[in-house]
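Chemist: Pasting work_1.cif below, which is mmCIF, C-alpha atoms and all ligand atoms.
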```cif
data_upload
#
loop_
_atom_site.label_atom_id
_atom_site.label_comp_id
_atom_site.auth_asym_id
_atom_site.auth_seq_id
_atom_site.Cartn_x
_atom_site.Cartn_y
_atom_site.Cartn_z
CA MET G 1 -144.87 -12.33 -20.93
CA ASN G 2 -147.17 -9.50 -19.99
CA LYS G 3 -145.40 -8.02 -16.97
CA LEU G 4 -148.50 -6.09 -16.01
CA ALA G 5 -150.54 -9.16 -15.20
CA PRO G 6 -149.12 -11.08 -12.23
CA VAL G 7 -149.43 -14.87 -12.16
CA ILE G 8 -149.83 -17.22 -9.20
CA THR G 9 -149.31 -20.89 -10.03
CA LEU G 10 -150.79 -23.74 -8.01
CA ASP G 11 -149.43 -27.14 -8.93
CA GLY G 12 -149.88 -30.54 -7.35
CA PRO G 13 -151.39 -33.98 -7.77
CA SER G 14 -155.09 -34.63 -8.12
CA GLY G 15 -156.94 -34.20 -4.82
CA SER G 16 -154.27 -31.96 -3.29
CA GLY G 17 -156.86 -29.18 -3.10
CA LYS G 18 -155.39 -27.02 -5.86
CA GLY G 19 -158.62 -26.78 -7.88
CA THR G 20 -160.69 -25.63 -4.91
CA ILE G 21 -158.00 -23.31 -3.61
CA ALA G 22 -157.32 -21.82 -7.06
CA ALA G 23 -161.01 -21.04 -7.61
CA LEU G 24 -161.35 -19.41 -4.17
CA LEU G 25 -158.12 -17.47 -4.58
CA ALA G 26 -159.13 -16.16 -8.02
CA LYS G 27 -162.50 -15.12 -6.59
CA GLN G 28 -160.96 -13.39 -3.57
CA LEU G 29 -158.43 -11.51 -5.71
CA ASP G 30 -160.93 -10.99 -8.56
CA TRP G 31 -158.35 -12.39 -10.99
CA ASN G 32 -158.70 -14.71 -13.98
CA LEU G 33 -158.57 -18.47 -13.45
CA LEU G 34 -156.94 -21.14 -15.60
CA ASP G 35 -157.91 -24.73 -14.76
CA SER G 36 -155.34 -26.32 -17.07
CA GLY G 37 -156.49 -29.85 -16.18
CA ALA G 38 -159.83 -28.96 -17.77
CA VAL G 39 -158.00 -28.07 -21.01
CA TYR G 40 -156.44 -31.57 -21.13
CA ARG G 41 -159.77 -33.11 -20.15
CA VAL G 42 -161.68 -31.27 -22.90
CA LEU G 43 -159.10 -32.43 -25.40
CA ALA G 44 -159.76 -36.01 -24.25
CA CYS G 45 -163.51 -35.46 -24.79
CA ALA G 46 -162.91 -33.98 -28.26
CA ALA G 47 -160.64 -36.91 -29.21
CA LYS G 48 -163.32 -39.38 -28.13
CA ARG G 49 -165.97 -37.58 -30.19
CA GLN G 50 -163.78 -37.59 -33.25
CA GLY G 51 -162.65 -41.18 -32.77
CA VAL G 52 -159.01 -40.21 -32.34
CA ALA G 53 -156.91 -42.69 -30.33
CA LEU G 54 -155.23 -41.38 -27.16
CA ASP G 55 -151.78 -42.30 -28.51
CA ASP G 56 -152.21 -40.84 -32.00
CA GLU G 57 -149.94 -37.83 -31.40
CA GLU G 58 -150.23 -36.21 -34.84
CA ARG G 59 -154.02 -36.30 -34.96
CA LEU G 60 -154.29 -35.19 -31.33
CA VAL G 61 -152.13 -32.15 -32.13
CA ASP G 62 -154.55 -31.31 -34.91
CA VAL G 63 -157.55 -31.64 -32.56
CA ALA G 64 -155.71 -29.56 -29.90
CA LEU G 65 -154.94 -26.71 -32.30
CA LYS G 66 -158.56 -26.54 -33.51
CA LEU G 67 -160.15 -27.13 -30.10
CA GLY G 68 -163.31 -24.98 -29.84
CA VAL G 69 -163.37 -24.73 -26.06
CA HIS G 70 -164.98 -22.04 -23.97
CA PHE G 71 -164.95 -21.61 -20.17
CA GLN G 72 -167.66 -19.56 -18.50
CA ASN G 73 -169.19 -19.43 -15.01
CA HIS G 74 -167.63 -22.76 -13.92
CA ARG G 75 -168.99 -24.47 -17.05
CA VAL G 76 -167.08 -25.90 -19.99
CA TRP G 77 -168.29 -25.75 -23.58
CA LEU G 78 -166.95 -27.80 -26.47
CA GLU G 79 -168.07 -26.75 -29.96
CA GLY G 80 -171.16 -25.15 -28.39
CA ASP G 81 -172.08 -28.19 -26.22
CA ASP G 82 -172.02 -28.07 -22.41
CA VAL G 83 -169.54 -30.85 -21.50
CA THR G 84 -169.07 -29.86 -17.82
CA ALA G 85 -170.27 -33.21 -16.43
CA GLU G 86 -168.34 -35.31 -18.97
CA VAL G 87 -165.17 -33.32 -18.32
CA ARG G 88 -165.25 -34.15 -14.60
CA LEU G 89 -165.65 -37.93 -15.01
CA GLU G 90 -162.81 -40.10 -13.65
CA THR G 91 -162.59 -41.84 -17.03
CA THR G 92 -162.03 -38.44 -18.67
CA GLY G 93 -159.28 -37.68 -16.12
CA MET G 94 -157.55 -40.95 -16.95
CA ALA G 95 -157.86 -40.28 -20.69
CA ALA G 96 -156.46 -36.75 -20.17
CA SER G 97 -153.51 -38.13 -18.26
CA THR G 98 -152.85 -40.64 -21.09
CA LEU G 99 -152.66 -38.01 -23.85
CA ALA G 100 -150.84 -35.57 -21.55
CA VAL G 101 -147.65 -37.67 -21.85
CA LEU G 102 -147.30 -36.69 -25.52
CA PRO G 103 -144.80 -33.82 -25.95
CA LYS G 104 -146.28 -32.39 -29.17
CA VAL G 105 -149.76 -32.39 -27.64
CA ARG G 106 -148.45 -30.43 -24.63
CA ALA G 107 -146.70 -27.99 -26.95
CA ALA G 108 -149.91 -27.51 -28.96
CA LEU G 109 -151.75 -26.49 -25.76
CA LEU G 110 -149.06 -24.12 -24.48
CA GLN G 111 -150.10 -20.84 -26.11
CA ARG G 112 -153.78 -21.52 -25.39
CA GLN G 113 -152.89 -21.65 -21.68
CA ARG G 114 -150.59 -18.60 -21.78
CA ASP G 115 -153.38 -16.54 -23.35
CA PHE G 116 -155.14 -16.63 -19.97
CA GLN G 117 -152.55 -14.22 -18.57
CA GLN G 118 -154.69 -11.10 -18.62
CA SER G 119 -155.11 -8.12 -16.30
CA PRO G 120 -155.57 -7.77 -13.40
CA GLY G 121 -153.89 -11.15 -12.79
CA LEU G 122 -154.09 -14.91 -13.21
CA VAL G 123 -154.35 -17.88 -10.88
CA ALA G 124 -153.30 -20.99 -12.84
CA ASP G 125 -153.68 -24.52 -11.51
CA GLY G 126 -152.26 -27.73 -12.91
CA ARG G 127 -149.13 -29.87 -12.92
CA ASP G 128 -146.57 -27.77 -14.80
CA MET G 129 -147.82 -24.21 -14.33
CA GLY G 130 -144.76 -23.08 -12.35
CA THR G 131 -142.21 -25.21 -14.21
CA VAL G 132 -143.19 -24.91 -17.90
CA VAL G 133 -146.20 -22.75 -18.71
CA PHE G 134 -145.47 -19.75 -16.45
CA PRO G 135 -141.82 -20.12 -15.34
CA GLN G 136 -141.74 -16.36 -14.54
CA ALA G 137 -144.76 -16.55 -12.23
CA HIS G 138 -144.72 -14.09 -9.32
CA LEU G 139 -145.72 -16.71 -6.76
CA LYS G 140 -145.52 -20.50 -7.11
CA ILE G 141 -147.27 -22.89 -4.75
CA PHE G 142 -147.01 -26.69 -4.81
CA LEU G 143 -149.77 -28.42 -2.88
CA ASN G 144 -149.65 -32.03 -1.79
CA ALA G 145 -151.48 -34.44 0.54
CA SER G 146 -151.30 -38.15 1.30
CA PRO G 147 -152.89 -40.39 -1.40
CA GLU G 148 -155.44 -41.67 1.16
CA GLU G 149 -156.55 -38.13 2.05
CA ARG G 150 -156.73 -37.16 -1.62
CA ALA G 151 -158.90 -40.22 -2.41
CA ARG G 152 -161.15 -39.36 0.54
CA ARG G 153 -161.61 -35.77 -0.71
CA ARG G 154 -162.30 -36.87 -4.27
CA HIS G 155 -164.81 -39.41 -2.98
CA LEU G 156 -166.66 -36.71 -1.02
CA GLN G 157 -166.58 -34.36 -4.01
CA LEU G 158 -168.00 -37.01 -6.37
CA LYS G 159 -170.64 -38.02 -3.82
CA GLY G 160 -171.69 -34.38 -3.65
CA GLN G 161 -172.15 -34.51 -7.41
CA GLY G 162 -174.31 -37.63 -7.07
CA VAL G 163 -171.57 -39.91 -8.46
CA ASP G 164 -171.11 -43.09 -6.41
CA VAL G 165 -167.63 -44.57 -6.71
CA ASN G 166 -165.71 -47.06 -4.64
CA LEU G 167 -163.09 -45.47 -2.36
CA THR G 168 -160.55 -48.26 -2.88
CA SER G 169 -160.74 -48.07 -6.67
CA LEU G 170 -160.43 -44.26 -6.43
CA LEU G 171 -157.26 -44.67 -4.38
CA ASP G 172 -155.86 -47.08 -6.98
CA GLU G 173 -156.71 -44.65 -9.79
CA ILE G 174 -155.11 -41.75 -7.94
CA LYS G 175 -151.91 -43.74 -7.41
CA ALA G 176 -151.84 -44.82 -11.07
CA ARG G 177 -152.35 -41.22 -12.22
CA ASP G 178 -149.65 -39.94 -9.81
CA GLU G 179 -147.24 -42.50 -11.19
CA ARG G 180 -147.93 -41.56 -14.81
CA ASP G 181 -147.92 -37.78 -14.15
CA SER G 182 -144.66 -37.80 -12.20
CA GLN G 183 -142.76 -40.33 -14.31
CA ARG G 184 -143.43 -38.87 -17.76
CA ALA G 185 -140.45 -37.43 -19.63
CA VAL G 186 -142.02 -34.08 -20.56
CA ALA G 187 -143.28 -31.63 -17.92
CA PRO G 188 -143.56 -34.20 -15.13
CA LEU G 189 -145.41 -33.36 -11.96
CA LYS G 190 -142.76 -31.85 -9.71
CA PRO G 191 -142.38 -28.67 -7.68
CA ALA G 192 -140.60 -25.74 -9.34
CA MET G 193 -137.28 -24.95 -7.65
CA ASP G 194 -138.75 -21.69 -6.35
CA ALA G 195 -142.15 -23.07 -5.31
CA ILE G 196 -143.48 -22.94 -1.77
CA GLN G 197 -144.47 -26.50 -0.87
CA VAL G 198 -147.53 -27.03 1.32
CA ASP G 199 -148.74 -30.37 2.67
CA THR G 200 -152.51 -29.94 2.97
CA THR G 201 -153.25 -33.36 4.54
CA ALA G 202 -154.09 -31.88 7.95
CA LEU G 203 -155.04 -28.36 6.83
CA SER G 204 -158.48 -26.90 6.16
CA ILE G 205 -159.25 -25.03 2.95
CA GLU G 206 -159.37 -21.78 4.97
CA GLN G 207 -155.91 -22.43 6.46
CA VAL G 208 -154.35 -23.06 3.03
CA LEU G 209 -156.03 -20.00 1.59
CA LYS G 210 -154.81 -17.81 4.45
CA LEU G 211 -151.28 -19.09 4.06
CA ILE G 212 -151.29 -18.18 0.35
CA MET G 213 -152.98 -14.80 0.89
CA ASP G 214 -150.34 -13.90 3.51
CA GLU G 215 -147.68 -14.63 0.88
CA VAL G 216 -149.57 -12.61 -1.77
CA ARG G 217 -149.56 -9.59 0.56
CA HIS G 218 -145.97 -10.18 1.62
CA ARG G 219 -144.90 -10.09 -2.05
CA ARG G 220 -147.07 -7.01 -2.64
CA LEU G 221 -149.01 -8.65 -5.46
CA ILE G 222 -152.08 -6.73 -4.31
O1 LIG G 301 -156.03 -31.69 -12.70
P1 LIG G 301 -156.85 -32.68 -13.45
O2 LIG G 301 -157.15 -33.93 -12.68
O3 LIG G 301 -158.10 -32.06 -14.01
O4 LIG G 301 -155.96 -33.09 -14.71
C1 LIG G 301 -156.26 -34.19 -15.54
C2 LIG G 301 -154.98 -34.74 -16.13
O5 LIG G 301 -154.45 -33.80 -17.08
C3 LIG G 301 -153.86 -34.97 -15.12
O6 LIG G 301 -153.87 -36.27 -14.57
C4 LIG G 301 -152.59 -34.73 -15.93
O7 LIG G 301 -152.14 -35.90 -16.54
C5 LIG G 301 -153.05 -33.78 -17.03
N1 LIG G 301 -152.55 -32.42 -16.78
C6 LIG G 301 -151.27 -32.12 -17.18
N2 LIG G 301 -150.79 -30.85 -17.03
C7 LIG G 301 -151.55 -29.91 -16.47
C8 LIG G 301 -152.85 -30.20 -16.02
C9 LIG G 301 -153.32 -31.48 -16.18
O8 LIG G 301 -150.55 -32.99 -17.67
N3 LIG G 301 -151.05 -28.67 -16.36
#
```
Do you think you could lay out the structure here as structure tokens?
Ligand code: C5P

Modeler:
Amino acid sequence: MNKLAPVITLDGPSGSGKGTIAALLAKQLDWNLLDSGAVYRVLACAAKRQGVALDDEERLVDVALKLGVHFQNHRVWLEGDDVTAEVRLETTGMAASTLAVLPKVRAALLQRQRDFQQSPGLVADGRDMGTVVFPQAHLKIFLNASPEERARRRHLQLKGQGVDVNLTSLLDEIKARDERDSQRAVAPLKPAMDAIQVDTTALSIEQVLKLIMDEVRHRRLI
């Protein structure tokens, strides 16, 4: 691990606010950003394109190792195609969570994620950033919120993107994804022992950001 580049990990379930907070934090600190969920999502898109089943571990490993993915300016590119919209679909999220249970697939994506640890620092968001990918991280945050609040936020976010989805079915999907992400044998969704846990249900984005920035200063990461 490159000791010169500090890492802040933000883990939590979908809709906990980690994606938004991670992006704002990286911007404020002027650090690199790893949206690890997008890596799993792009793999799901690549598998679909190549007709690889979501439970075909060996072939998925092959696709993962050769994945031609590129992140730039909040956009995601797969083999030269802009797949930003496809990556954010709920169906892609479900597909990502299905292949994410496979241990060899997770292992194949490990180094790709660790390569993001570059100067001056990295903000990494996902499910296992603090437990598996960056166990030596300098600051670990675990964000959570009630399933109802998370479904409400996701609904608003999708509406803002012009996607109309039913709130009740979103809540069901969120609960199903939570169940799969936290029950899987490898790298389940759970707070690292040394993570600071924050319930964001009643907090604004600004309040969560301030709380984390106070900790960043307290630990002299900047
Ligand atoms: O965070 P996001 O909703 O984009 O992640 C999509 C799916 O990818 C999650 O439901 C989870 O199953 C998987 N994932 C994971 N480990 C990560 C990030 C995402 O297993 N570090």

Chemist: Could you list, as a PyMOL selection string, every residue within 12 Å of Leu122 in chain G, counting all atoms listed in the file and ignoring same-chain residues fewer than 4 positions away?

Modeler: chain G and resi 2-10+22-23+25-35+113-118+129+134+137-140+221

Chemist: Check which residues fall inside 6 Å of ligand LIG 301 (chain G) when counting only C-alpha atoms and all ligand atoms, and print them as a PDB file with C-alpha atoms, in the coordinates of the input.

Modeler:
```pdb
ATOM      1  CA  SER G  14    -155.090 -34.630  -8.120  1.00  0.00           C
ATOM      2  CA  SER G  36    -155.340 -26.320 -17.070  1.00  0.00           C
ATOM      3  CA  GLY G  37    -156.490 -29.850 -16.180  1.00  0.00           C
ATOM      4  CA  ALA G  38    -159.830 -28.960 -17.770  1.00  0.00           C
ATOM      5  CA  TYR G  40    -156.440 -31.570 -21.130  1.00  0.00           C
ATOM      6  CA  ARG G  41    -159.770 -33.110 -20.150  1.00  0.00           C
ATOM      7  CA  GLY G  93    -159.280 -37.680 -16.120  1.00  0.00           C
ATOM      8  CA  ALA G  96    -156.460 -36.750 -20.170  1.00  0.00           C
ATOM      9  CA  SER G  97    -153.510 -38.130 -18.260  1.00  0.00           C
ATOM     10  CA  ALA G 100    -150.840 -35.570 -21.550  1.00  0.00           C
ATOM     11  CA  GLY G 126    -152.260 -27.730 -12.910  1.00  0.00           C
ATOM     12  CA  ARG G 127    -149.130 -29.870 -12.920  1.00  0.00           C
ATOM     13  CA  ASP G 128    -146.570 -27.770 -14.800  1.00  0.00           C
ATOM     14  CA  MET G 129    -147.820 -24.210 -14.330  1.00  0.00           C
ATOM     15  CA  ARG G 177    -152.350 -41.220 -12.220  1.00  0.00           C
ATOM     16  CA  ASP G 181    -147.920 -37.780 -14.150  1.00  0.00           C
TER      17      ASP G 181
END
```

Chemist: Determine the nearest neighbour of Ile21 in chain G from the options G:Arg180, G:Arg219, G:Lys190, G:Lys210, counting only C-alpha atoms.

Modeler: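 Distance minimum relative to Ile21 in chain G lands on G:Lys210.
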
Chemist: Given the choices G:Lys66, G:Lys18, G:Lys175, G:Arg220, which gets closest to Glu79 in chain G if the distance is worked out from all atoms listed in the file?

Modeler: G:Lys66

Chemist: Ranking G:Lys48, G:Arg152, G:Lys159, G:His218 by minimum distance to Thr201 in chain G and counting only C-alpha atoms, which one comes first?

Modeler: G:Arg152

Chemist: Applying 8 Å and only C-alpha atoms, which residues near Ala145 in chain G remain after dropping the ones on its own chain fewer than 4 positions away? List them as a compact mmCIF listing (two decimals) with C-alpha atoms, keeping the file's coordinate frame.

Modeler:
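Printed below is selection-v4.txt as written:
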```txt
# COMPACT_ATOMS: atom_id res chain seq x y z
CA GLY G 15 -156.94 -34.20 -4.82
CA SER G 16 -154.27 -31.96 -3.29
CA GLU G 149 -156.55 -38.13 2.05
CA ARG G 150 -156.73 -37.16 -1.62
CA ASP G 199 -148.74 -30.37 2.67
CA THR G 200 -152.51 -29.94 2.97
CA THR G 201 -153.25 -33.36 4.54
```

Chemist: As an exercise, work out the distance from CA of Val186 in chain G to CA of Val83 in chain G in Å and give it to one decimal place.

Modeler: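 CA of Val186 in chain G sits 27.7 Å away from CA of Val83 in chain G.
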
Chemist: Just to confirm, what's the straight-line distance from CA of Val42 in chain G to CA of Leu156 in chain G in Å (one decimal)?

Modeler: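 A separation of 23.1 Å between them.
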